[in-house]
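Coordinates as given in upload-v5.cif (mmCIF, C-alpha atoms):
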```cif
data_start
#
loop_
_atom_site.group_PDB
_atom_site.id
_atom_site.type_symbol
_atom_site.label_atom_id
_atom_site.label_comp_id
_atom_site.auth_asym_id
_atom_site.auth_seq_id
_atom_site.Cartn_x
_atom_site.Cartn_y
_atom_site.Cartn_z
ATOM 1 C CA MET A 939 11.869 -14.939 -17.155
ATOM 2 C CA THR A 940 12.713 -12.401 -14.480
ATOM 3 C CA THR A 941 15.001 -13.503 -11.692
ATOM 4 C CA LEU A 942 12.385 -12.984 -8.964
ATOM 5 C CA LYS A 943 9.761 -14.911 -10.925
ATOM 6 C CA SER A 944 12.180 -17.786 -11.574
ATOM 7 C CA LYS A 945 13.087 -17.825 -7.856
ATOM 8 C CA LEU A 946 9.365 -18.159 -7.035
ATOM 9 C CA GLN A 947 9.099 -21.010 -9.548
ATOM 10 C CA GLU A 948 12.131 -22.810 -8.072
ATOM 11 C CA ASP A 949 10.795 -22.377 -4.539
ATOM 12 C CA LEU A 950 7.407 -23.721 -5.676
ATOM 13 C CA ASN A 951 9.060 -26.833 -7.115
ATOM 14 C CA ALA A 952 11.015 -27.327 -3.865
ATOM 15 C CA ALA A 953 7.842 -26.862 -1.779
ATOM 16 C CA ILE A 954 6.007 -29.452 -3.907
ATOM 17 C CA LYS A 955 8.848 -31.955 -3.475
ATOM 18 C CA GLU A 956 8.870 -31.313 0.290
ATOM 19 C CA ARG A 957 5.067 -31.695 0.343
ATOM 20 C CA ASP A 958 4.798 -28.260 2.004
ATOM 21 C CA GLU A 959 1.136 -27.556 1.208
ATOM 22 C CA LEU A 960 1.055 -24.020 2.633
ATOM 23 C CA ARG A 961 4.090 -22.750 0.705
ATOM 24 C CA SER A 962 3.182 -24.532 -2.517
ATOM 25 C CA SER A 963 -0.400 -23.226 -2.591
ATOM 26 C CA THR A 964 0.709 -19.672 -1.679
ATOM 27 C CA LEU A 965 3.405 -19.639 -4.368
ATOM 28 C CA ARG A 966 0.993 -21.123 -6.926
ATOM 29 C CA LEU A 967 -1.527 -18.340 -6.290
ATOM 30 C CA THR A 968 1.199 -15.687 -6.473
ATOM 31 C CA LEU A 969 2.597 -17.073 -9.744
ATOM 32 C CA ALA A 970 -0.953 -17.159 -11.132
ATOM 33 C CA ALA A 971 -1.372 -13.480 -10.204
ATOM 34 C CA ILE A 972 1.939 -12.674 -11.927
ATOM 35 C CA THR A 973 0.875 -14.559 -15.072
ATOM 36 C CA LYS A 974 -2.489 -12.789 -15.024
ATOM 37 C CA GLU A 975 -0.674 -9.449 -14.862
ATOM 38 C CA GLU A 976 1.579 -10.482 -17.760
ATOM 39 C CA VAL A 977 -1.338 -11.279 -20.062
ATOM 40 C CA ALA A 978 -3.452 -8.284 -19.035
ATOM 41 C CA GLY A 979 -3.812 -5.636 -21.691
ATOM 42 C CA LYS A 980 -3.435 -5.968 -25.436
ATOM 43 C CA GLU A 981 -0.117 -7.857 -25.541
ATOM 44 C CA LYS A 982 1.555 -10.510 -23.413
ATOM 45 C CA ARG A 983 4.736 -9.236 -21.809
ATOM 46 C CA GLU A 984 7.404 -10.188 -19.287
ATOM 47 C CA LEU A 985 7.188 -8.361 -15.970
ATOM 48 C CA SER A 986 10.314 -6.734 -14.556
ATOM 49 C CA ASP A 987 11.449 -7.648 -11.048
ATOM 50 C CA ASP A 988 9.963 -4.380 -9.766
ATOM 51 C CA GLU A 989 6.586 -5.224 -11.318
ATOM 52 C CA VAL A 990 6.739 -8.778 -9.913
ATOM 53 C CA GLN A 991 7.501 -7.280 -6.506
ATOM 54 C CA LYS A 992 4.438 -5.027 -6.783
ATOM 55 C CA VAL A 993 2.283 -8.088 -7.509
ATOM 56 C CA ILE A 994 3.758 -9.909 -4.487
ATOM 57 C CA THR A 995 3.135 -6.818 -2.332
ATOM 58 C CA ARG A 996 -0.479 -6.700 -3.514
ATOM 59 C CA GLU A 997 -0.938 -10.411 -2.758
ATOM 60 C CA ALA A 998 0.597 -9.981 0.717
ATOM 61 C CA LYS A 999 -1.757 -7.065 1.404
ATOM 62 C CA LYS A 1000 -4.732 -9.241 0.375
ATOM 63 C CA ARG A 1001 -3.590 -11.873 2.880
ATOM 64 C CA ARG A 1002 -3.311 -9.302 5.694
ATOM 65 C CA GLU A 1003 -6.766 -7.884 4.969
ATOM 66 C CA ALA A 1004 -8.296 -11.360 4.724
ATOM 67 C CA ALA A 1005 -6.682 -12.380 8.038
ATOM 68 C CA GLU A 1006 -8.191 -9.309 9.728
ATOM 69 C CA ALA A 1007 -11.604 -10.010 8.209
ATOM 70 C CA PHE A 1008 -11.534 -13.668 9.287
ATOM 71 C CA ALA A 1009 -10.401 -12.701 12.793
ATOM 72 C CA GLN A 1010 -13.238 -10.181 13.111
ATOM 73 C CA GLY A 1011 -15.668 -12.788 11.830
ATOM 74 C CA GLY A 1012 -14.581 -15.250 14.518
ATOM 75 C CA ARG A 1013 -12.917 -17.654 12.087
ATOM 76 C CA GLY A 1014 -9.538 -18.015 13.780
ATOM 77 C CA GLU A 1015 -8.392 -21.018 11.752
ATOM 78 C CA GLN A 1016 -8.735 -19.211 8.411
ATOM 79 C CA ALA A 1017 -7.182 -16.060 9.914
ATOM 80 C CA GLU A 1018 -4.107 -18.070 10.965
ATOM 81 C CA ARG A 1019 -3.859 -19.610 7.493
ATOM 82 C CA GLU A 1020 -3.964 -16.163 5.832
ATOM 83 C CA LYS A 1021 -1.320 -14.848 8.254
ATOM 84 C CA ALA A 1022 0.913 -17.822 7.474
ATOM 85 C CA GLU A 1023 0.506 -17.226 3.729
ATOM 86 C CA GLY A 1024 1.387 -13.565 4.278
ATOM 87 C CA GLU A 1025 4.573 -14.603 6.068
ATOM 88 C CA VAL A 1026 5.539 -16.865 3.146
ATOM 89 C CA LEU A 1027 5.152 -13.892 0.775
ATOM 90 C CA ALA A 1028 6.981 -11.508 3.140
ATOM 91 C CA ALA A 1029 10.159 -13.518 2.537
ATOM 92 C CA TYR A 1030 10.157 -12.247 -1.072
ATOM 93 C CA LEU A 1031 9.608 -8.586 -0.168
ATOM 94 C CA PRO A 1032 12.153 -6.004 1.006
ATOM 95 C CA LYS A 1033 12.315 -5.425 4.756
ATOM 96 C CA GLN A 1034 9.567 -3.029 5.870
ATOM 97 C CA LEU A 1035 10.624 0.257 7.461
ATOM 98 C CA SER A 1036 10.101 0.644 11.194
ATOM 99 C CA ASP A 1037 7.848 3.461 12.412
ATOM 100 C CA ASP A 1038 10.910 5.473 13.528
ATOM 101 C CA GLU A 1039 12.637 5.111 10.132
ATOM 102 C CA LEU A 1040 9.429 6.066 8.319
ATOM 103 C CA ASN A 1041 8.895 9.106 10.560
ATOM 104 C CA GLN A 1042 12.468 10.285 9.889
ATOM 105 C CA ILE A 1043 11.990 10.087 6.112
ATOM 106 C CA VAL A 1044 8.609 11.858 6.364
ATOM 107 C CA ALA A 1045 10.093 14.598 8.596
ATOM 108 C CA GLN A 1046 12.826 15.265 6.014
ATOM 109 C CA ALA A 1047 10.220 15.415 3.243
ATOM 110 C CA VAL A 1048 8.081 17.856 5.256
ATOM 111 C CA GLU A 1049 11.145 20.111 5.669
ATOM 112 C CA GLU A 1050 11.841 19.910 1.912
ATOM 113 C CA ALA A 1051 8.206 20.766 1.127
ATOM 114 C CA LYS A 1052 8.247 23.713 3.554
ATOM 115 C CA ALA A 1053 11.455 24.983 1.932
ATOM 116 C CA ALA A 1054 9.605 24.811 -1.411
ATOM 117 C CA GLY A 1055 6.767 26.899 0.069
ATOM 118 C CA ALA A 1056 4.168 24.201 0.825
ATOM 119 C CA GLU A 1057 2.746 24.299 4.351
ATOM 120 C CA GLY A 1058 -0.128 22.932 6.394
ATOM 121 C CA PRO A 1059 -2.547 20.188 5.353
ATOM 122 C CA ARG A 1060 -2.458 21.400 1.733
ATOM 123 C CA ALA A 1061 1.177 20.284 1.532
ATOM 124 C CA MET A 1062 0.118 16.611 1.711
ATOM 125 C CA GLY A 1063 0.481 16.027 -2.035
ATOM 126 C CA ALA A 1064 3.875 17.719 -2.227
ATOM 127 C CA VAL A 1065 5.202 15.723 0.734
ATOM 128 C CA MET A 1066 3.824 12.433 -0.636
ATOM 129 C CA LYS A 1067 5.590 13.098 -3.977
ATOM 130 C CA ILE A 1068 8.889 13.411 -2.095
ATOM 131 C CA VAL A 1069 8.328 10.441 0.251
ATOM 132 C CA ASN A 1070 6.877 7.779 -2.092
ATOM 133 C CA PRO A 1071 10.011 7.180 -4.225
ATOM 134 C CA LYS A 1072 12.146 6.920 -1.062
ATOM 135 C CA VAL A 1073 9.966 4.282 0.606
ATOM 136 C CA ALA A 1074 8.752 2.372 -2.465
ATOM 137 C CA GLY A 1075 8.071 -1.230 -1.456
ATOM 138 C CA GLN A 1076 9.280 -0.672 2.107
ATOM 139 C CA ALA A 1077 6.140 0.858 3.584
ATOM 140 C CA GLU A 1078 2.460 0.627 2.708
ATOM 141 C CA GLY A 1079 0.810 3.735 1.297
ATOM 142 C CA GLY A 1080 -1.671 3.932 4.178
ATOM 143 C CA ARG A 1081 1.118 3.970 6.763
ATOM 144 C CA VAL A 1082 2.981 6.662 4.813
ATOM 145 C CA ALA A 1083 -0.127 8.837 4.439
ATOM 146 C CA ALA A 1084 -0.921 8.520 8.161
ATOM 147 C CA ALA A 1085 2.624 9.553 9.105
ATOM 148 C CA VAL A 1086 2.504 12.543 6.734
ATOM 149 C CA LYS A 1087 -0.902 13.684 8.069
ATOM 150 C CA LYS A 1088 0.306 13.372 11.646
ATOM 151 C CA LEU A 1089 3.413 15.493 11.002
ATOM 152 C CA LEU A 1090 1.582 18.122 8.961
ATOM 153 C CA ALA A 1091 -1.143 18.474 11.589
ATOM 154 C CA GLY A 1092 1.349 18.675 14.464
#
```
Is it possible to express this structure as structure tokens?
Amino acid sequence: MTTLKSKLQEDLNAAIKERDELRSSTLRLTLAAITKEEVAGKEKRELSDDEVQKVITREAKKRREAAEAFAQGGRGEQAEREKAEGEVLAAYLPKQLSDDELNQIVAQAVEEAKAAGAEGPRAMGAVMKIVNPKVAGQAEGGRVAAAVKKLLAG
């Protein structure tokens, strides 16, 4: 078992013993998503820590989107629950980059792409190829794309 997955399992057991319903249900759902990912495809396999982290990131994103949808639908109680679940999952993810840090990385990538001959809005793909490995897991793709578009347009 991967170290991150076993940490989730240990934390789930602790949450059950502490009768922490929010943490235990969130961790259960996340572990179920990890197991589902492991058995997807033709053969069962163990996920690496990076793959487990991607599953946790995806689950956290679902919680954020659900919280927004519930808030827009006037269901504040469910929105708060989804936000709380997202915060539980955030503890297992690397620290997200601030807007300033992200903009610095994107600015460097834009310079690299210009040096390679890519300019204007068409350079988006080239810049994204440079930026994505640098910010993997630390910034959502939508945020990165928005920052790149803003810098290329400006």
How many Å lie between atom CA of A:Leu942 and atom CA of A:Glu981, rounded to one decimal?
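Going from atom CA of A:Leu942 over to atom CA of A:Glu981, I get 21.4 Å.
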Using the chain letters and numbering of this document, enumerate as a compact mmCIF listing (two decimals) with C-alpha atoms, in the coordinates of the input the residues selected by the PyMOL selection byres ((chain A and resi 1065) around 10).
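Ended up saving to result-v4.txt:
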```txt
# COMPACT_ATOMS: atom_id res chain seq x y z
CA VAL A 1044 8.61 11.86 6.36
CA ALA A 1045 10.09 14.60 8.60
CA GLN A 1046 12.83 15.26 6.01
CA ALA A 1047 10.22 15.42 3.24
CA VAL A 1048 8.08 17.86 5.26
CA GLU A 1049 11.14 20.11 5.67
CA GLU A 1050 11.84 19.91 1.91
CA ALA A 1051 8.21 20.77 1.13
CA LYS A 1052 8.25 23.71 3.55
CA ALA A 1056 4.17 24.20 0.82
CA GLU A 1057 2.75 24.30 4.35
CA ARG A 1060 -2.46 21.40 1.73
CA ALA A 1061 1.18 20.28 1.53
CA MET A 1062 0.12 16.61 1.71
CA GLY A 1063 0.48 16.03 -2.04
CA ALA A 1064 3.88 17.72 -2.23
CA MET A 1066 3.82 12.43 -0.64
CA LYS A 1067 5.59 13.10 -3.98
CA ILE A 1068 8.89 13.41 -2.10
CA VAL A 1069 8.33 10.44 0.25
CA ASN A 1070 6.88 7.78 -2.09
CA ALA A 1083 -0.13 8.84 4.44
CA VAL A 1086 2.50 12.54 6.73
CA LYS A 1087 -0.90 13.68 8.07
CA LEU A 1090 1.58 18.12 8.96
```
Pick from A:Lys992, A:Lys980, A:Lys943, A:Arg1019, whichever lies nearest to A:Arg966 using all atoms listed in the file:
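The answer is A:Lys943, which sits nearest to A:Arg966.
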Just give me the gap between atom CA of A:Leu965 and atom CA of A:Gly1079 in Å, one decimal is fine.
24.2 Å
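When all atoms listed in the file are used to measure the gap to A:Gln991, the shortest distance among A:Ala1085, A:Leu1035, A:Leu946, A:Ala952 belongs to A:Leu946.
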Axis-aligned box for all listed atoms of stretch 1020-1028 of chain A, 4 Å per side, centre and edges in Å to one decimal, as JSON:
```
{"center_x": 1.5, "center_y": -14.7, "center_z": 4.5, "size_x": 18.9, "size_y": 14.3, "size_z": 15.5}
```
Once the PyMOL selection byres ((chain A and resi 990) around 12) has been evaluated on this model, what residues remain selected, and can you format them as JSON, numbers by chain?
{"A": [939, 940, 941, 942, 943, 944, 945, 946, 968, 969, 970, 971, 972, 973, 974, 975, 976, 984, 985, 986, 987, 988, 989, 991, 992, 993, 994, 995, 996, 997, 1027, 1030, 1031, 1075]}
Find the distance between atom CA of A:Gln1034 and atom CA of A:Val1073 and write it in Å to one decimal.
9.0 Å
Given the point (-1.9, -9.9, 2.0) in the coordinates of this file, which residues lie within 9 Å, counting only C-alpha atoms, and how would they look as a PDB file with C-alpha atoms, in the coordinates of the input?
```pdb
ATOM      1  CA  ILE A 994       3.758  -9.909  -4.487  1.00  0.00           C
ATOM      2  CA  THR A 995       3.135  -6.818  -2.332  1.00  0.00           C
ATOM      3  CA  ARG A 996      -0.479  -6.700  -3.514  1.00  0.00           C
ATOM      4  CA  GLU A 997      -0.938 -10.411  -2.758  1.00  0.00           C
ATOM      5  CA  ALA A 998       0.597  -9.981   0.717  1.00  0.00           C
ATOM      6  CA  LYS A 999      -1.757  -7.065   1.404  1.00  0.00           C
ATOM      7  CA  LYS A1000      -4.732  -9.241   0.375  1.00  0.00           C
ATOM      8  CA  ARG A1001      -3.590 -11.873   2.880  1.00  0.00           C
ATOM      9  CA  ARG A1002      -3.311  -9.302   5.694  1.00  0.00           C
ATOM     10  CA  GLU A1003      -6.766  -7.884   4.969  1.00  0.00           C
ATOM     11  CA  ALA A1004      -8.296 -11.360   4.724  1.00  0.00           C
ATOM     12  CA  ALA A1005      -6.682 -12.380   8.038  1.00  0.00           C
ATOM     13  CA  GLU A1020      -3.964 -16.163   5.832  1.00  0.00           C
ATOM     14  CA  LYS A1021      -1.320 -14.848   8.254  1.00  0.00           C
ATOM     15  CA  GLU A1023       0.506 -17.226   3.729  1.00  0.00           C
ATOM     16  CA  GLY A1024       1.387 -13.565   4.278  1.00  0.00           C
ATOM     17  CA  GLU A1025       4.573 -14.603   6.068  1.00  0.00           C
ATOM     18  CA  LEU A1027       5.152 -13.892   0.775  1.00  0.00           C
TER      19      LEU A1027
END
```
Which of these, A:Ala1007, A:Ala1022, A:Ala1017, A:Ala1077, has the shortest distance to A:Ser1036 once you count only C-alpha atoms?
A:Ala1077
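Using only C-alpha atoms, the nearest neighbour of A:Gln1042 within the list A:Glu1015, A:Ala1028, A:Gly1055, A:Lys1072 is A:Lys1072.
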I need stretch 1004-1044 of chain A from the structure I supplied, saved as a CSV table (one decimal), in the first residue's frame with N, CA and C atoms retained.
```
chain,number,residue,atom,x,y,z
A,1004,ALA,N,-19.4,21.4,-5.7
A,1004,ALA,CA,-20.6,21.1,-5.1
A,1004,ALA,C,-21.0,22.2,-4.1
A,1005,ALA,N,-20.0,22.7,-3.3
A,1005,ALA,CA,-20.3,23.8,-2.4
A,1005,ALA,C,-20.8,25.1,-3.1
A,1006,GLU,N,-20.2,25.4,-4.2
A,1006,GLU,CA,-20.7,26.5,-5.0
A,1006,GLU,C,-22.1,26.3,-5.5
A,1007,ALA,N,-22.4,25.1,-6.0
A,1007,ALA,CA,-23.7,24.8,-6.5
A,1007,ALA,C,-24.7,24.9,-5.4
A,1008,PHE,N,-24.4,24.3,-4.3
A,1008,PHE,CA,-25.4,24.4,-3.2
A,1008,PHE,C,-25.6,25.8,-2.7
A,1009,ALA,N,-24.5,26.6,-2.7
A,1009,ALA,CA,-24.7,28.0,-2.3
A,1009,ALA,C,-25.5,28.8,-3.2
A,1010,GLN,N,-25.4,28.5,-4.5
A,1010,GLN,CA,-26.2,29.2,-5.5
A,1010,GLN,C,-27.6,28.7,-5.5
A,1011,GLY,N,-27.8,27.5,-5.1
A,1011,GLY,CA,-29.2,27.0,-5.0
A,1011,GLY,C,-29.9,27.3,-3.6
A,1012,GLY,N,-29.2,28.1,-2.8
A,1012,GLY,CA,-29.8,28.5,-1.5
A,1012,GLY,C,-29.8,27.4,-0.5
A,1013,ARG,N,-28.9,26.5,-0.6
A,1013,ARG,CA,-28.8,25.4,0.4
A,1013,ARG,C,-27.6,25.5,1.2
A,1014,GLY,N,-27.5,26.5,2.1
A,1014,GLY,CA,-26.3,26.9,2.8
A,1014,GLY,C,-25.8,25.8,3.7
A,1015,GLU,N,-26.7,25.0,4.3
A,1015,GLU,CA,-26.2,23.9,5.2
A,1015,GLU,C,-25.4,22.9,4.4
A,1016,GLN,N,-25.8,22.4,3.2
A,1016,GLN,CA,-25.1,21.5,2.4
A,1016,GLN,C,-23.8,22.1,1.9
A,1017,ALA,N,-23.8,23.4,1.5
A,1017,ALA,CA,-22.7,24.1,1.0
A,1017,ALA,C,-21.6,24.1,2.1
A,1018,GLU,N,-22.0,24.4,3.4
A,1018,GLU,CA,-21.0,24.4,4.5
A,1018,GLU,C,-20.4,23.0,4.7
A,1019,ARG,N,-21.2,22.0,4.6
A,1019,ARG,CA,-20.7,20.6,4.7
A,1019,ARG,C,-19.7,20.3,3.6
A,1020,GLU,N,-20.0,20.6,2.4
A,1020,GLU,CA,-19.1,20.4,1.3
A,1020,GLU,C,-17.8,21.2,1.5
A,1021,LYS,N,-17.8,22.4,1.9
A,1021,LYS,CA,-16.6,23.2,2.2
A,1021,LYS,C,-15.8,22.5,3.3
A,1022,ALA,N,-16.5,22.0,4.3
A,1022,ALA,CA,-15.8,21.4,5.4
A,1022,ALA,C,-15.1,20.1,5.0
A,1023,GLU,N,-15.7,19.3,4.1
A,1023,GLU,CA,-15.1,18.1,3.5
A,1023,GLU,C,-13.9,18.5,2.7
A,1024,GLY,N,-14.0,19.6,1.9
A,1024,GLY,CA,-12.9,20.1,1.1
A,1024,GLY,C,-11.7,20.4,2.0
A,1025,GLU,N,-12.0,21.0,3.1
A,1025,GLU,CA,-10.9,21.4,4.0
A,1025,GLU,C,-10.2,20.2,4.6
A,1026,VAL,N,-11.0,19.1,4.9
A,1026,VAL,CA,-10.4,17.8,5.4
A,1026,VAL,C,-9.5,17.3,4.3
A,1027,LEU,N,-9.9,17.3,3.1
A,1027,LEU,CA,-9.0,16.8,2.0
A,1027,LEU,C,-7.8,17.7,1.7
A,1028,ALA,N,-8.0,19.0,1.9
A,1028,ALA,CA,-6.9,19.9,1.7
A,1028,ALA,C,-5.7,19.6,2.5
A,1029,ALA,N,-5.9,19.0,3.7
A,1029,ALA,CA,-4.8,18.7,4.6
A,1029,ALA,C,-3.9,17.6,4.0
A,1030,TYR,N,-4.3,16.9,3.0
A,1030,TYR,CA,-3.5,15.8,2.3
A,1030,TYR,C,-2.9,16.3,1.0
A,1031,LEU,N,-3.2,17.5,0.6
A,1031,LEU,CA,-2.7,18.1,-0.6
A,1031,LEU,C,-1.5,19.0,-0.4
A,1032,PRO,N,-0.6,19.2,-1.3
A,1032,PRO,CA,0.4,20.2,-1.2
A,1032,PRO,C,-0.2,21.6,-1.1
A,1033,LYS,N,0.6,22.5,-0.5
A,1033,LYS,CA,0.1,23.9,-0.3
A,1033,LYS,C,-0.1,24.5,-1.7
A,1034,GLN,N,-1.2,25.2,-1.9
A,1034,GLN,CA,-1.5,25.8,-3.2
A,1034,GLN,C,-0.7,27.0,-3.4
A,1035,LEU,N,-0.3,27.3,-4.6
A,1035,LEU,CA,0.5,28.5,-4.9
A,1035,LEU,C,-0.4,29.8,-4.7
A,1036,SER,N,0.2,30.9,-4.2
A,1036,SER,CA,-0.6,32.1,-4.2
A,1036,SER,C,-0.6,32.7,-5.6
A,1037,ASP,N,-1.5,33.7,-5.8
A,1037,ASP,CA,-1.6,34.3,-7.1
A,1037,ASP,C,-0.3,34.9,-7.6
A,1038,ASP,N,0.4,35.5,-6.6
A,1038,ASP,CA,1.7,36.2,-7.0
A,1038,ASP,C,2.7,35.1,-7.4
A,1039,GLU,N,2.8,34.0,-6.7
A,1039,GLU,CA,3.8,32.9,-7.0
A,1039,GLU,C,3.4,32.3,-8.4
A,1040,LEU,N,2.1,32.1,-8.6
A,1040,LEU,CA,1.7,31.5,-9.9
A,1040,LEU,C,2.0,32.5,-11.1
A,1041,ASN,N,1.8,33.8,-10.9
A,1041,ASN,CA,2.1,34.8,-11.9
A,1041,ASN,C,3.5,34.8,-12.2
A,1042,GLN,N,4.4,34.7,-11.2
A,1042,GLN,CA,5.8,34.7,-11.4
A,1042,GLN,C,6.3,33.5,-12.3
A,1043,ILE,N,5.8,32.3,-12.0
A,1043,ILE,CA,6.1,31.1,-12.7
A,1043,ILE,C,5.6,31.3,-14.2
A,1044,VAL,N,4.4,31.8,-14.3
A,1044,VAL,CA,3.8,32.0,-15.7
A,1044,VAL,C,4.6,33.0,-16.5
```
